[in-house]
file run_2.cif (mmCIF, C-alpha atoms)
data_model
loop_
_atom_site.label_atom_id
_atom_site.label_comp_id
_atom_site.auth_asym_id
_atom_site.auth_seq_id
_atom_site.Cartn_x
_atom_site.Cartn_y
_atom_site.Cartn_z
CA MET A 84 75.76 88.62 113.05
CA ASP A 85 79.55 88.14 113.36
CA PHE A 86 82.34 90.54 112.49
CA ASP A 87 82.76 89.16 108.95
CA GLU A 88 79.06 89.67 108.23
CA ALA A 89 79.22 93.16 109.73
CA ALA A 90 82.20 94.05 107.53
CA ARG A 91 80.39 92.76 104.43
CA LYS A 92 77.26 94.72 105.32
CA TYR A 93 79.33 97.85 105.91
CA THR A 94 80.95 97.39 102.49
CA GLU A 95 77.52 97.11 100.84
CA LEU A 96 76.35 100.31 102.54
CA GLN A 97 79.51 102.14 101.44
CA VAL A 98 78.94 101.09 97.82
CA GLN A 99 75.28 102.13 97.96
CA ARG A 100 76.25 105.56 99.33
CA GLN A 101 78.86 106.02 96.60
CA LYS A 102 76.25 105.15 93.95
CA GLY A 103 73.86 107.70 95.47
CA SER A 104 71.15 105.16 96.35
CA LEU A 105 71.41 106.10 100.05
CA THR A 106 71.16 109.57 101.54
CA ASP A 107 73.58 110.58 104.28
CA GLN A 108 70.89 110.12 106.93
CA GLN A 109 69.86 106.71 105.60
CA TYR A 110 73.52 105.66 105.53
CA ARG A 111 74.06 106.70 109.16
CA THR A 112 70.90 104.94 110.29
CA LEU A 113 71.76 101.67 108.55
CA VAL A 114 75.39 101.65 109.75
CA ASP A 115 74.18 102.19 113.33
CA GLN A 116 72.23 98.93 112.95
CA VAL A 117 75.31 96.88 112.00
CA ARG A 118 76.30 95.75 115.50
CA VAL A 119 78.17 92.72 116.83
CA GLN A 120 78.66 91.48 120.39
CA ASP A 121 82.04 89.87 121.09
CA GLY A 122 82.83 87.02 123.46
CA LYS A 123 83.21 89.44 126.39
CA GLY A 124 79.77 90.92 125.83
CA ILE A 125 81.09 94.19 124.33
CA TRP A 126 79.06 95.71 121.52
CA TRP A 127 80.89 96.82 118.35
CA GLN A 128 79.83 98.56 115.14
CA PRO A 129 81.62 100.06 112.11
CA ASP A 130 82.38 103.76 112.53
CA PRO A 131 80.00 105.70 110.23
CA GLY A 132 82.32 108.69 110.07
CA ARG A 133 85.82 107.18 109.90
CA THR A 134 87.59 103.91 109.24
CA GLY A 135 87.63 101.16 111.83
CA TRP A 136 85.23 100.23 114.63
CA LEU A 137 83.46 101.76 117.61
CA PHE A 138 82.72 99.93 120.89
CA TRP A 139 80.13 100.78 123.56
CA ASN A 140 81.69 101.41 126.99
CA GLY A 141 78.33 101.62 128.75
CA THR A 142 77.72 105.33 128.19
CA GLN A 143 79.43 106.33 124.93
CA TRP A 144 80.86 104.96 121.71
CA HIS A 145 84.66 105.00 121.44
CA PRO A 146 87.07 103.93 118.67
CA GLY A 147 88.67 100.55 119.17
CA THR A 148 90.10 97.53 117.39
CA PRO A 149 88.43 94.14 117.83
CA ARG A 150 90.26 90.94 116.97
CA LEU A 151 89.56 90.54 113.28
CA PRO A 152 91.01 88.37 110.52
CA ALA A 153 91.41 91.52 108.38
CA PRO A 154 91.07 95.25 109.09
CA LEU A 155 87.91 97.05 108.09
CA ALA A 156 88.68 99.66 105.46
CA VAL A 157 86.61 102.32 103.80
CA SER A 158 85.06 101.25 100.50
CA PRO A 159 86.76 97.87 99.96
CA ALA A 160 85.70 96.10 96.80
CA PRO A 161 83.36 93.15 97.43
CA ALA A 162 84.81 91.36 94.43
CA VAL A 163 87.32 91.89 91.67
CA LYS A 164 85.52 93.18 88.62
CA PRO A 165 86.74 93.93 85.10
CA GLN A 166 87.89 97.48 84.69
CA GLY A 167 85.04 99.79 83.80
CA SER A 168 82.29 97.51 85.15
CA ASP A 169 81.91 99.20 88.53
CA PRO A 170 79.13 101.82 88.39
CA ALA A 171 80.81 103.69 91.26
CA THR A 172 83.86 104.13 89.04
CA THR A 173 82.10 104.77 85.75
CA ARG A 174 79.11 106.77 86.93
CA SER A 175 77.60 108.97 84.26
CA PHE A 176 77.91 112.73 84.33
CA THR A 177 74.18 112.94 85.07
CA GLU A 178 74.66 110.84 88.23
CA PHE A 179 77.68 112.94 89.18
CA ARG A 180 75.73 116.17 88.73
CA ALA A 181 72.83 114.82 90.79
CA GLY A 182 75.25 114.02 93.62
CA ILE A 183 76.51 117.61 93.93
CA MET A 184 75.22 119.39 97.04
CA ASP A 185 72.26 121.67 96.36
CA GLU A 186 72.64 125.42 96.81
CA ARG A 187 70.44 125.64 99.90
CA GLU A 188 72.41 123.00 101.83
CA TYR A 189 75.69 124.46 100.63
CA THR A 190 74.73 127.91 101.93
CA ARG A 191 73.58 126.51 105.28
CA ILE A 192 76.81 124.60 105.84
CA SER A 193 78.86 127.62 104.76
CA LYS A 194 77.22 129.68 107.50
CA ASP A 195 76.88 127.17 110.33
CA VAL A 196 79.57 124.49 110.05
CA PRO A 197 83.30 125.03 110.83
CA TRP A 198 85.72 124.53 107.95
CA ASN A 199 87.21 121.35 109.39
CA LYS A 200 83.75 119.77 109.82
CA ARG A 201 82.34 120.41 106.35
CA PRO A 202 81.50 117.23 104.39
CA GLN A 203 83.10 116.18 101.12
CA LYS A 204 80.05 117.16 99.08
CA TRP A 205 80.41 120.74 100.29
CA TRP A 206 84.07 120.78 99.21
CA ASP A 207 83.15 119.30 95.84
CA ARG A 208 80.77 122.17 95.12
CA PHE A 209 83.26 124.68 96.56
CA SER A 210 86.08 123.48 94.28
CA ILE A 211 83.83 123.69 91.21
CA ILE A 212 82.71 127.21 92.17
CA LEU A 213 86.33 128.21 92.77
CA GLY A 214 87.32 126.86 89.36
CA ILE A 215 84.53 128.83 87.69
CA GLY A 216 85.50 131.97 89.61
CA ALA A 217 89.17 131.61 88.64
CA ALA A 218 88.15 131.08 85.02
CA VAL A 219 86.05 134.26 84.98
CA VAL A 220 88.80 136.33 86.60
CA TRP A 221 91.47 135.01 84.24
CA PHE A 222 89.29 135.50 81.17
CA ILE A 223 88.60 139.13 82.12
CA TYR A 224 92.28 139.71 82.85
CA SER A 225 93.47 138.12 79.61
CA THR A 226 90.85 140.10 77.66
CA LEU A 227 91.65 143.57 79.04
CA TYR A 228 94.77 144.31 77.01
CA PRO A 229 93.43 142.96 73.70
CA LEU A 230 90.31 145.10 74.11
CA ILE A 231 92.38 148.19 74.91
CA ASN A 232 94.48 147.60 71.80
CA LEU A 233 91.38 146.98 69.74
CA VAL A 234 89.86 150.29 70.84
CA THR A 235 93.01 152.41 70.59
CA LYS A 236 94.43 150.56 67.56
CA SER A 237 97.86 151.48 68.89
CA VAL A 238 99.43 148.05 68.37
CA PRO A 239 98.15 144.78 66.91
CA ALA A 240 95.56 143.24 69.20
CA GLU A 241 96.76 140.47 71.53
CA GLU A 242 95.25 137.00 71.44
CA ILE A 243 92.46 136.25 73.94
CA ASP A 244 92.96 133.13 76.08
CA PHE A 245 89.93 130.83 75.88
CA ILE A 246 91.61 127.51 76.70
CA SER A 247 92.90 128.33 80.20
CA PRO A 248 89.44 129.25 81.56
CA LEU A 249 88.03 126.01 80.15
CA LEU A 250 90.76 124.00 81.87
CA MET A 251 90.21 125.86 85.16
CA VAL A 252 86.59 124.71 85.11
CA ALA A 253 87.30 121.21 83.76
CA MET A 254 90.01 120.12 86.22
CA PRO A 255 87.94 120.25 89.45
CA LEU A 256 84.99 118.70 87.61
CA VAL A 257 87.11 115.75 86.43
CA LEU A 258 88.82 115.26 89.81
CA VAL A 259 85.47 115.16 91.62
CA TRP A 260 83.62 113.15 88.97
CA GLN A 261 86.31 110.47 88.57
CA ARG A 262 87.50 110.41 92.20
CA LYS A 263 87.16 106.65 92.70
CA GLY A 264 88.96 105.77 89.46
CA ILE A 265 91.74 108.23 90.28
CA ASP A 266 92.01 106.77 93.79
CA ASN A 267 92.62 103.32 92.30
CA PHE A 268 95.27 104.82 90.02
CA LEU A 269 97.00 106.48 93.00
CA MET A 270 97.28 103.30 95.09
CA PRO A 271 100.83 102.38 93.90
CA LEU A 272 102.04 105.69 95.34
CA GLN A 273 100.88 104.90 98.88
CA PRO A 274 103.98 103.07 100.19
CA THR A 275 106.03 106.16 99.32
CA ARG A 276 103.45 108.63 100.67
CA LYS A 277 103.33 106.82 104.01
CA LYS A 278 106.98 107.72 104.60
CA PHE A 279 106.03 111.38 104.98
CA SER A 280 103.85 113.19 107.49
CA ARG A 281 100.56 114.61 106.28
CA LYS A 282 101.69 118.18 106.87
CA MET A 283 104.82 117.53 104.84
CA LEU A 284 102.71 116.16 101.98
CA ILE A 285 100.48 119.23 102.08
CA GLY A 286 103.54 121.50 101.97
CA MET A 287 104.89 119.62 98.95
CA GLY A 288 101.43 119.65 97.37
CA ILE A 289 101.31 123.43 97.58
CA ALA A 290 104.87 123.80 96.29
CA ILE A 291 104.86 121.33 93.41
CA PRO A 292 102.66 123.36 90.97
CA PHE A 293 105.26 126.14 91.16
CA LEU A 294 108.02 123.60 90.58
CA THR A 295 106.26 122.12 87.53
CA ALA A 296 105.69 125.63 86.17
CA PHE A 297 109.41 126.39 86.67
CA ILE A 298 110.42 123.19 84.84
CA ILE A 299 107.98 123.71 81.96
CA TYR A 300 109.10 127.33 81.58
CA HIS A 301 112.88 126.95 81.92
CA VAL A 302 113.59 123.36 80.85
CA PHE A 303 111.04 122.90 78.05
CA GLN A 304 111.05 126.61 77.08
CA ILE A 305 107.25 126.81 77.05
CA ASP A 306 105.82 130.21 77.94
CA GLN A 307 102.83 132.50 77.44
CA TYR A 308 99.42 130.83 77.42
CA PRO A 309 100.68 127.30 76.64
CA LEU A 310 102.57 127.42 79.96
CA MET A 311 99.24 127.95 81.72
CA TYR A 312 97.61 125.13 79.74
CA TYR A 313 100.28 122.57 80.58
CA ASN A 314 100.62 123.53 84.22
CA ILE A 315 96.90 123.58 84.97
CA VAL A 316 96.88 119.89 84.00
CA ILE A 317 100.32 118.69 85.14
CA GLY A 318 100.71 120.85 88.25
CA THR A 319 97.17 120.22 89.46
CA LEU A 320 97.41 116.45 89.00
CA ALA A 321 100.84 116.28 90.68
CA SER A 322 99.59 118.29 93.67
CA TYR A 323 96.42 116.20 93.92
CA ALA A 324 98.41 112.95 93.85
CA LEU A 325 100.59 114.10 96.75
CA VAL A 326 97.80 115.33 99.02
CA ARG A 327 94.94 113.00 98.17
CA GLU A 328 94.28 110.09 100.56
CA PRO A 329 92.74 107.48 98.18
CA VAL A 330 90.00 106.26 100.53
CA LEU A 331 87.74 105.16 97.66
CA ALA A 332 90.33 102.82 96.13
CA ASP A 333 89.26 99.19 96.03
CA LYS A 334 92.30 97.99 98.00
CA TYR A 335 92.75 100.98 100.27
CA GLN A 336 93.37 100.40 103.97
CA ALA A 337 93.89 103.24 106.41
CA ASN A 338 97.27 102.71 108.06
CA PRO A 339 98.90 105.15 110.49
CA TYR A 340 101.55 107.44 109.06
CA THR A 341 105.05 106.56 110.17
CA ALA A 342 106.15 110.16 110.75
CA SER A 343 109.71 109.02 110.10
CA THR A 344 110.33 112.21 108.14
CA PRO A 345 110.53 115.53 110.02
CA ASP A 346 107.90 118.18 109.36
CA LEU A 347 109.62 120.64 107.04
CA LYS A 348 106.64 122.74 106.04
CA ILE A 349 107.85 126.01 107.61
CA PRO A 350 111.31 126.08 105.95
CA LEU A 351 109.68 124.82 102.75
CA PHE A 352 107.15 127.67 102.71
CA LEU A 353 109.86 130.22 103.53
CA LEU A 354 112.04 128.94 100.70
CA ILE A 355 109.18 129.15 98.22
CA GLY A 356 108.15 132.61 99.40
CA ILE A 357 111.66 134.04 99.26
CA SER A 358 112.40 132.54 95.85
CA LEU A 359 109.12 133.88 94.43
CA CYS A 360 109.73 137.36 95.84
CA VAL A 361 113.19 137.44 94.28
CA ARG A 362 111.86 136.33 90.91
CA ILE A 363 108.98 138.84 90.93
CA VAL A 364 111.54 141.64 91.31
CA LEU A 365 113.03 140.45 88.01
CA ALA A 366 109.68 140.67 86.22
CA ASP A 367 110.45 143.84 84.27
CA ASP A 368 108.17 143.25 81.29
CA CYS A 369 105.09 142.33 83.34
CA LEU A 370 105.55 145.21 85.77
CA THR A 371 105.86 147.59 82.82
CA SER A 372 102.56 146.35 81.37
CA PRO A 373 100.72 144.47 84.14
CA LEU A 374 97.42 144.34 82.23
CA ASN A 375 99.01 142.38 79.39
CA ALA A 376 98.42 138.73 80.37
CA ARG A 377 100.60 137.38 77.54
CA ASP A 378 103.41 139.69 78.61
CA CYS A 379 103.21 138.42 82.17
CA MET A 380 103.10 134.81 80.97
CA ARG A 381 106.40 135.24 79.11
CA THR A 382 108.14 137.12 81.93
CA THR A 383 110.43 135.17 84.25
CA GLY A 384 108.95 135.14 87.73
CA THR A 385 105.36 136.13 87.06
CA ALA A 386 104.90 133.35 84.50
CA GLU A 387 105.73 130.61 87.01
CA LEU A 388 103.83 132.40 89.78
CA LEU A 389 100.60 132.72 87.79
CA ALA A 390 100.71 129.20 86.35
CA GLY A 391 101.66 127.62 89.69
CA GLY A 392 99.15 129.64 91.69
CA VAL A 393 96.20 128.55 89.57
CA SER A 394 97.16 124.86 89.80
CA ALA A 395 97.79 125.05 93.55
CA GLY A 396 94.41 126.75 94.07
CA VAL A 397 92.44 124.16 92.07
CA SER A 398 94.10 121.18 93.76
CA GLY A 399 93.86 122.82 97.19
CA ALA A 400 90.12 123.31 96.82
CA VAL A 401 89.50 119.71 95.77
CA ASN A 402 91.67 118.44 98.65
CA GLY A 403 90.19 120.93 101.09
CA PRO A 404 89.05 118.45 103.78
CA THR A 405 92.46 116.79 104.02
CA MET A 406 94.35 120.08 104.15
CA ILE A 407 92.04 121.93 106.57
CA GLN A 408 91.71 119.01 109.00
CA THR A 409 95.43 118.29 109.04
CA LEU A 410 96.55 121.90 109.46
CA SER A 411 93.97 122.44 112.20
CA ASP A 412 95.13 119.23 113.95
CA GLY A 413 91.85 117.58 113.09
CA GLY A 414 93.65 114.26 112.59
CA LYS A 415 96.60 112.48 114.08
CA ASP A 416 99.75 113.07 112.10
CA GLY A 417 102.27 110.39 112.46
CA GLY A 418 102.61 107.87 115.21
CA GLY A 419 98.99 107.90 116.31
CA SER A 420 97.14 104.63 116.66
CA GLU A 421 94.44 105.68 114.26
CA SER A 422 94.35 108.18 111.43
CA VAL A 423 91.34 110.21 110.39
CA VAL A 424 90.53 109.67 106.76
CA SER A 425 89.83 113.17 105.56
CA GLY A 426 87.91 113.89 102.43
CA ASP A 427 85.22 111.23 101.95
CA GLY A 428 84.21 109.71 105.25
CA GLY A 429 85.31 112.13 107.90
CA GLN A 430 82.40 114.43 108.58
CA ASP A 431 78.63 114.65 108.54
CA TYR A 432 78.19 110.89 108.38
CA GLY A 433 77.80 110.29 112.09
CA GLY A 434 80.30 108.82 114.51
CA ILE A 435 82.64 110.46 116.98
CA ASP A 436 83.88 113.08 114.49
CA ASP A 437 80.47 114.75 114.38
CA ASN A 438 79.94 114.70 118.14
CA PRO A 439 82.45 113.07 120.52
CA ASP A 440 79.69 112.64 123.11
CA THR A 441 77.18 110.97 120.80
CA GLU A 442 75.03 108.42 122.62
CA PHE A 443 73.14 106.42 120.03
CA CYS A 444 69.58 105.35 120.78
CA GLY A 445 69.02 108.16 123.27
CA GLY A 446 71.74 106.98 125.64
CA ARG A 447 70.26 103.54 126.09
CA GLY A 448 73.13 101.83 124.34
CA PRO A 449 72.99 99.03 121.74
CA GLY A 450 70.63 96.93 123.80
CA GLY A 451 68.05 99.72 123.86
CA CYS A 452 67.85 100.14 120.09
#

call {"tool": "encode", "arguments": {"input": "run_2.cif", "output": "structure tokens"}}
result
Amino acid sequence: MDFDEAARKYTELQVQRQKGSLTDQQYRTLVDQVRVQDGKGIWWQPDPGRTGWLFWNGTQWHPGTPRLPAPLAVSPAPAVKPQGSDPATTRSFTEFRAGIMDEREYTRISKDVPWNKRPQKWWDRFSIILGIGAAVVWFIYSTLYPLINLVTKSVPAEEIDFISPLLMVAMPLVLVWQRKGIDNFLMPLQPTRKKFSRKMLIGMGIAIPFLTAFIIYHVFQIDQYPLMYYNIVIGTLASYALVREPVLADKYQANPYTASTPDLKIPLFLLIGISLCVRIVLADDCLTSPLNARDCMRTTGTAELLAGGVSAGVSGAVNGPTMIQTLSDGGKDGGGSESVVSGDGGQDYGGIDDNPDTEFCGGRGPGGC
């Protein structure tokens, strides 16, 4: 087997894992068998847990770069297919639901695995649960005042918000279900994204739902529940596009970030926090009747805060691996020689991310397998 054959085999295994025909353990086992010996007698194999290659130094596997005609990327397309023909892109909702982590495994990982080591499937279930939780909380909150009015008959009953809870549940479901198709759609943004550090992108991703809420509220004069509807969709998608590393895109290649832009997350967060605090002070109507959701959604300050907070929370949960790993220095940010692809191939698939001292085949090395 040469490097080209190894790359093709690795691509096939990636596609099979995306389709759900391989379990995580089967995927790791099969990738560990894709090994090539170069002209100097050094053994190489694709990295099961990240992009790129690993080489055997006699005792351990380490990341490295062999001389290749083209870099090995996560999930490259074996061939150009008509849009909609790739099962990995157009998987049915039944296949998507079957791929969600079961409750027992989710609970085990929640207890035993650090946040920055939890696999993508765990974050998928977490984001869906968070969306459902936010929907329940918002529905109860938006129902309180109408029920009080209905009982007391003091003023005409307020409208109950049914659409926002539905959107809070739908957005994480769609982002997880259609991740590969969305990754392909996000590819044209990558040259611009690469000009910023990962931490800067995360800071902008957290801030942009509040900015979109501000624009929708003040520029387009949309308030009350429609403000929440629009911003759950627009703010969440904008935040996701900034933070998401599209590793499932057909033409994606993991290139190091240039880090040419300074990390401005701290002044950015301070600016957002101060501006929000100032605006909340102006929220006279909402503070007068804080249980009235419609009142708060038409009050300057609280309207943007509520709409932006929901969108930032949904997007943050879906992009959890990228955000947690980057903020905990789990990946190199900027001028490093290799960047960790957070979100779909970074954890729980074997390789040096799971255990830096892994010695495959019981320490015997490739020749002992």

call {"tool": "atom_distance", "arguments": {"input": "run_2.cif", "atom1": "CA of Ile315 (chain A)", "atom2": "CA of Ser394 (chain A)"}}
result
5.0 Å

call {"tool": "residues_around", "arguments": {"input": "run_2.cif", "residues": "Ile125 (chain A)", "least_positions_apart": "2", "cutoff": "9 Å", "atoms": "only C-alpha atoms", "output": "compact mmCIF listing (two decimals) with C-alpha atoms, in the coordinates of the input"}}
result
# COMPACT_ATOMS: atom_id res chain seq x y z
CA VAL A 119 78.17 92.72 116.83
CA GLN A 120 78.66 91.48 120.39
CA ASP A 121 82.04 89.87 121.09
CA GLY A 122 82.83 87.02 123.46
CA LYS A 123 83.21 89.44 126.39
CA TRP A 127 80.89 96.82 118.35
CA PHE A 138 82.72 99.93 120.89
CA TRP A 139 80.13 100.78 123.56
CA ASN A 140 81.69 101.41 126.99

call {"tool": "closest_atom_pairs", "arguments": {"input": "run_2.cif", "of": "region 255-310 of chain A", "to": "region 195-217 of chain A", "cutoff": "7 Å", "atoms": "all atoms listed in the file", "output": "JSON lines"}}
result
{"residue": "A:Pro255", "atom": "CA", "partner": "A:Ile211", "partner_atom": "CA", "distance": 5.6}
{"residue": "A:Leu256", "atom": "CA", "partner": "A:Ile211", "partner_atom": "CA", "distance": 6.3}
{"residue": "A:Val259", "atom": "CA", "partner": "A:Asp207", "partner_atom": "CA", "distance": 6.4}

call {"tool": "closest_residue", "arguments": {"input": "run_2.cif", "among": "A:Met380, A:Leu410, A:Ala218, A:Leu310", "to": "Ser280 (chain A)", "atoms": "only C-alpha atoms"}}
result
A:Leu410

call {"tool": "residues_around", "arguments": {"input": "run_2.cif", "residues": "Trp260 (chain A)", "least_positions_apart": "3", "cutoff": "8 Å", "atoms": "all atoms listed in the file", "output": "ChimeraX atom specification"}}
result
/A:176,179,256-257

call {"tool": "closest_residue", "arguments": {"input": "run_2.cif", "among": "A:Leu294, A:Val330, A:Leu96, A:Leu284", "to": "Leu113 (chain A)", "atoms": "all atoms listed in the file"}}
result
A:Leu96

call {"tool": "atom_distance", "arguments": {"input": "run_2.cif", "atom1": "CA of Thr112 (chain A)", "atom2": "CA of Tyr189 (chain A)"}}
result
22.3 Å

call {"tool": "atom_distance", "arguments": {"input": "run_2.cif", "atom1": "CA of Pro146 (chain A)", "atom2": "CA of Asp85 (chain A)"}}
result
18.3 Å

call {"tool": "closest_residue", "arguments": {"input": "run_2.cif", "among": "A:Thr319, A:Gln128, A:Ser104, A:Thr142", "to": "Glu178 (chain A)", "atoms": "all atoms listed in the file"}}
result
A:Ser104
